[in-house]
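Quick look at entry.cif (mmCIF, N, CA and C atoms):
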```cif
data_structure
#
loop_
_atom_site.label_atom_id
_atom_site.label_comp_id
_atom_site.auth_asym_id
_atom_site.auth_seq_id
_atom_site.Cartn_x
_atom_site.Cartn_y
_atom_site.Cartn_z
N MET A 1 -22.08 60.08 21.36
CA MET A 1 -22.81 58.97 21.91
C MET A 1 -24.22 59.43 22.26
N ALA A 2 -25.20 58.61 21.96
CA ALA A 2 -26.60 58.95 22.26
C ALA A 2 -26.82 58.97 23.76
N SER A 3 -27.70 59.87 24.19
CA SER A 3 -27.99 59.92 25.63
C SER A 3 -28.80 58.70 26.03
N ARG A 4 -28.71 58.36 27.30
CA ARG A 4 -29.39 57.18 27.81
C ARG A 4 -30.34 57.60 28.92
N LYS A 5 -31.45 56.94 29.01
CA LYS A 5 -32.45 57.22 30.03
C LYS A 5 -32.07 56.50 31.31
N SER A 6 -32.03 57.23 32.42
CA SER A 6 -31.77 56.64 33.73
C SER A 6 -33.09 56.50 34.48
N PHE A 7 -33.21 55.41 35.24
CA PHE A 7 -34.39 55.23 36.07
C PHE A 7 -34.06 54.29 37.23
N LEU A 8 -34.86 54.37 38.27
CA LEU A 8 -34.68 53.54 39.44
C LEU A 8 -35.45 52.24 39.25
N LEU A 9 -34.84 51.12 39.55
CA LEU A 9 -35.49 49.82 39.43
C LEU A 9 -35.41 49.13 40.79
N ARG A 10 -36.58 48.84 41.34
CA ARG A 10 -36.62 48.07 42.59
C ARG A 10 -36.73 46.61 42.19
N ILE A 11 -35.86 45.77 42.76
CA ILE A 11 -35.79 44.38 42.33
C ILE A 11 -35.57 43.48 43.55
N ASP A 12 -36.15 42.32 43.51
CA ASP A 12 -36.02 41.33 44.58
C ASP A 12 -34.53 40.97 44.74
N PRO A 13 -34.03 40.91 45.96
CA PRO A 13 -32.61 40.59 46.16
C PRO A 13 -32.19 39.24 45.57
N ALA A 14 -33.06 38.25 45.61
CA ALA A 14 -32.72 36.94 45.03
C ALA A 14 -32.58 37.04 43.51
N LEU A 15 -33.47 37.80 42.88
CA LEU A 15 -33.37 38.01 41.43
C LEU A 15 -32.11 38.78 41.10
N TRP A 16 -31.78 39.78 41.91
CA TRP A 16 -30.56 40.55 41.70
C TRP A 16 -29.33 39.63 41.74
N SER A 17 -29.30 38.74 42.70
CA SER A 17 -28.17 37.80 42.82
C SER A 17 -28.04 36.93 41.59
N GLU A 18 -29.19 36.45 41.07
CA GLU A 18 -29.17 35.63 39.85
C GLU A 18 -28.66 36.44 38.66
N LEU A 19 -29.16 37.66 38.51
CA LEU A 19 -28.72 38.52 37.41
C LEU A 19 -27.24 38.86 37.53
N GLU A 20 -26.79 39.10 38.75
CA GLU A 20 -25.39 39.43 38.99
C GLU A 20 -24.48 38.28 38.58
N ALA A 21 -24.85 37.06 38.95
CA ALA A 21 -24.05 35.88 38.59
C ALA A 21 -24.07 35.66 37.07
N TRP A 22 -25.24 35.82 36.47
CA TRP A 22 -25.38 35.65 35.03
C TRP A 22 -24.55 36.68 34.28
N ALA A 23 -24.63 37.92 34.73
CA ALA A 23 -23.85 39.00 34.10
C ALA A 23 -22.36 38.71 34.21
N GLN A 24 -21.93 38.25 35.37
CA GLN A 24 -20.52 37.94 35.55
C GLN A 24 -20.08 36.82 34.61
N ASP A 25 -20.92 35.81 34.43
CA ASP A 25 -20.60 34.71 33.51
C ASP A 25 -20.43 35.20 32.08
N GLU A 26 -21.18 36.25 31.71
CA GLU A 26 -21.13 36.77 30.35
C GLU A 26 -20.29 38.04 30.23
N LEU A 27 -19.52 38.33 31.29
CA LEU A 27 -18.60 39.47 31.31
C LEU A 27 -19.31 40.79 31.04
N ARG A 28 -20.48 40.97 31.66
CA ARG A 28 -21.23 42.21 31.55
C ARG A 28 -21.47 42.77 32.95
N SER A 29 -21.81 44.05 33.00
CA SER A 29 -22.30 44.62 34.25
C SER A 29 -23.75 44.16 34.41
N VAL A 30 -24.28 44.27 35.61
CA VAL A 30 -25.68 43.89 35.82
C VAL A 30 -26.57 44.80 34.97
N ASN A 31 -26.26 46.08 34.93
CA ASN A 31 -27.02 47.00 34.10
C ASN A 31 -26.98 46.56 32.63
N GLY A 32 -25.81 46.21 32.14
CA GLY A 32 -25.66 45.75 30.76
C GLY A 32 -26.43 44.47 30.51
N GLN A 33 -26.43 43.58 31.49
CA GLN A 33 -27.16 42.31 31.35
C GLN A 33 -28.66 42.55 31.28
N ILE A 34 -29.16 43.42 32.14
CA ILE A 34 -30.59 43.73 32.14
C ILE A 34 -30.98 44.37 30.81
N GLU A 35 -30.16 45.30 30.32
CA GLU A 35 -30.45 45.95 29.05
C GLU A 35 -30.43 44.93 27.91
N TYR A 36 -29.47 44.03 27.92
CA TYR A 36 -29.37 42.98 26.91
C TYR A 36 -30.64 42.10 26.92
N LEU A 37 -31.06 41.69 28.09
CA LEU A 37 -32.24 40.85 28.21
C LEU A 37 -33.51 41.58 27.76
N LEU A 38 -33.61 42.85 28.11
CA LEU A 38 -34.77 43.63 27.67
C LEU A 38 -34.80 43.79 26.15
N LYS A 39 -33.63 44.01 25.54
CA LYS A 39 -33.56 44.13 24.09
C LYS A 39 -34.00 42.82 23.43
N GLN A 40 -33.55 41.68 23.97
CA GLN A 40 -33.96 40.38 23.44
C GLN A 40 -35.46 40.20 23.53
N ALA A 41 -36.05 40.61 24.66
CA ALA A 41 -37.49 40.48 24.85
C ALA A 41 -38.26 41.35 23.85
N VAL A 42 -37.77 42.55 23.59
CA VAL A 42 -38.42 43.44 22.63
C VAL A 42 -38.36 42.84 21.23
N VAL A 43 -37.21 42.31 20.86
CA VAL A 43 -37.06 41.69 19.54
C VAL A 43 -38.01 40.51 19.41
N LYS A 44 -38.08 39.68 20.44
CA LYS A 44 -38.96 38.51 20.42
C LYS A 44 -40.42 38.96 20.29
N ARG A 45 -40.78 40.00 21.01
CA ARG A 45 -42.16 40.51 20.97
C ARG A 45 -42.51 41.06 19.59
N ARG A 46 -41.54 41.64 18.92
CA ARG A 46 -41.76 42.22 17.58
C ARG A 46 -41.79 41.15 16.49
N GLY A 47 -41.51 39.94 16.83
CA GLY A 47 -41.58 38.88 15.83
C GLY A 47 -40.25 38.23 15.53
N GLY A 48 -39.24 38.50 16.31
CA GLY A 48 -37.98 37.80 16.17
C GLY A 48 -36.99 38.36 15.18
N ALA A 49 -37.20 39.56 14.67
CA ALA A 49 -36.20 40.15 13.77
C ALA A 49 -34.90 40.34 14.55
N ALA A 50 -33.80 40.12 13.90
CA ALA A 50 -32.49 40.24 14.56
C ALA A 50 -32.27 41.66 15.05
N ALA A 51 -31.81 41.76 16.29
CA ALA A 51 -31.52 43.06 16.88
C ALA A 51 -30.12 43.49 16.46
N PRO A 52 -29.93 44.77 16.20
CA PRO A 52 -28.57 45.22 15.90
C PRO A 52 -27.69 45.07 17.13
N LYS A 53 -26.50 44.59 16.91
CA LYS A 53 -25.56 44.43 18.02
C LYS A 53 -24.90 45.77 18.32
N ALA A 54 -24.52 45.92 19.58
CA ALA A 54 -23.83 47.14 19.99
C ALA A 54 -22.48 47.20 19.30
N PRO A 55 -22.01 48.40 18.95
CA PRO A 55 -20.71 48.51 18.31
C PRO A 55 -19.61 47.99 19.24
N VAL A 56 -18.67 47.29 18.66
CA VAL A 56 -17.56 46.72 19.41
C VAL A 56 -16.27 47.29 18.85
N SER A 57 -15.32 47.55 19.71
CA SER A 57 -14.05 48.09 19.25
C SER A 57 -13.37 47.12 18.30
N THR A 58 -12.52 47.63 17.44
CA THR A 58 -11.81 46.79 16.48
C THR A 58 -10.99 45.73 17.19
N GLU A 59 -10.36 46.10 18.30
CA GLU A 59 -9.55 45.14 19.05
C GLU A 59 -10.44 44.02 19.60
N ALA A 60 -11.59 44.37 20.13
CA ALA A 60 -12.51 43.37 20.66
C ALA A 60 -13.04 42.48 19.54
N GLN A 61 -13.31 43.08 18.37
CA GLN A 61 -13.80 42.29 17.24
C GLN A 61 -12.75 41.26 16.85
N THR A 62 -11.50 41.66 16.83
CA THR A 62 -10.43 40.75 16.49
C THR A 62 -10.36 39.61 17.49
N ASP A 63 -10.46 39.92 18.79
CA ASP A 63 -10.43 38.89 19.82
C ASP A 63 -11.61 37.94 19.68
N GLU A 64 -12.80 38.49 19.42
CA GLU A 64 -13.99 37.65 19.26
C GLU A 64 -13.85 36.77 18.03
N THR A 65 -13.31 37.32 16.93
CA THR A 65 -13.14 36.54 15.72
C THR A 65 -12.20 35.38 15.98
N LYS A 66 -11.13 35.62 16.72
CA LYS A 66 -10.19 34.55 17.04
C LYS A 66 -10.88 33.45 17.85
N LYS A 67 -11.76 33.84 18.77
CA LYS A 67 -12.45 32.85 19.60
C LYS A 67 -13.41 32.01 18.76
N LEU A 68 -14.03 32.61 17.75
CA LEU A 68 -15.06 31.93 16.99
C LEU A 68 -14.53 31.21 15.75
N THR A 69 -13.30 31.52 15.35
CA THR A 69 -12.73 30.90 14.17
C THR A 69 -12.01 29.62 14.56
N PRO A 70 -12.44 28.48 14.03
CA PRO A 70 -11.78 27.23 14.39
C PRO A 70 -10.36 27.19 13.86
N THR A 71 -9.47 26.60 14.63
CA THR A 71 -8.10 26.42 14.17
C THR A 71 -8.09 25.29 13.15
N SER A 72 -6.96 25.11 12.46
CA SER A 72 -6.88 24.04 11.46
C SER A 72 -7.09 22.69 12.13
N ASP A 73 -6.61 22.54 13.36
CA ASP A 73 -6.81 21.28 14.08
C ASP A 73 -8.29 21.07 14.38
N GLU A 74 -8.98 22.14 14.75
CA GLU A 74 -10.42 22.05 15.04
C GLU A 74 -11.20 21.74 13.77
N LYS A 75 -10.76 22.30 12.64
CA LYS A 75 -11.44 22.02 11.38
C LYS A 75 -11.31 20.54 11.03
N ASN A 76 -10.14 19.94 11.34
CA ASN A 76 -9.93 18.53 11.07
C ASN A 76 -10.80 17.65 11.96
N HIS A 77 -11.20 18.17 13.09
CA HIS A 77 -12.06 17.44 14.03
C HIS A 77 -13.39 18.17 14.16
N SER A 78 -14.04 18.39 13.03
CA SER A 78 -15.25 19.21 13.01
C SER A 78 -16.35 18.65 13.90
N ALA A 79 -16.38 17.36 14.13
CA ALA A 79 -17.40 16.79 15.00
C ALA A 79 -17.20 17.28 16.43
N ASP A 80 -15.96 17.59 16.79
CA ASP A 80 -15.67 18.07 18.13
C ASP A 80 -15.90 19.57 18.27
N TYR A 81 -16.06 20.28 17.17
CA TYR A 81 -16.19 21.73 17.18
C TYR A 81 -17.65 22.13 17.09
N ALA A 82 -18.14 22.77 18.12
CA ALA A 82 -19.52 23.27 18.11
C ALA A 82 -19.52 24.67 18.68
N PRO A 83 -19.70 25.69 17.85
CA PRO A 83 -19.72 27.06 18.37
C PRO A 83 -20.88 27.26 19.32
N ASP A 84 -20.73 28.18 20.25
CA ASP A 84 -21.78 28.48 21.22
C ASP A 84 -23.03 28.95 20.50
N ASP A 85 -24.17 28.50 21.00
CA ASP A 85 -25.45 28.94 20.45
C ASP A 85 -25.82 30.26 21.11
N GLU A 86 -26.06 31.30 20.32
CA GLU A 86 -26.36 32.62 20.86
C GLU A 86 -27.85 32.84 21.02
N SER A 87 -28.67 31.85 20.77
CA SER A 87 -30.11 32.08 20.90
C SER A 87 -30.58 31.96 22.32
#
```
Could you write out this file's structure as structure tokens?
Amino acid sequence: MASRKSFLLRIDPALWSELEAWAQDELRSVNGQIEYLLKQAVVKRRGGAAAPKAPVSTEAQTDETKKLTPTSDEKNHSADYAPDDES
């Protein structure tokens, strides 16, 4: 695993609370949420090229695929099926 740079970040408590709630909604740690947001900002600044996603375990990939793959019933009701927008 590549080494990671550690640093101290002073942050407003209200902003921390918002980030904490947002991270919890997306099942991330606050550190992971901040890193995710910073990566998105860098990609946007560079012109919007897609950022490589972090490697995910095979088990997690399978779970994610199940969540994103519509069932046959959902396919029959395609108007009701709208995958989450990741932008």
Can you pull out the residues contacting Val30 of chain A? Cut-off 7 Å, using all atoms listed in the file, and skip same-chain residues under 5 positions away; I want them as a list in words. Leu19, Glu20, Ala23, Gln24 and Glu35 of chain A
One decimal, in Å: what's the spacing between atom C of Trp22 of chain A and atom N of Ile34 of chain A?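 One can read the atom C of Trp22 of chain A to atom N of Ile34 of chain A distance as 8.4 Å.
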Hey, can you check how far atom CA of Gly48 of chain A sits from atom CA of Asp12 of chain A? 28.7 Å
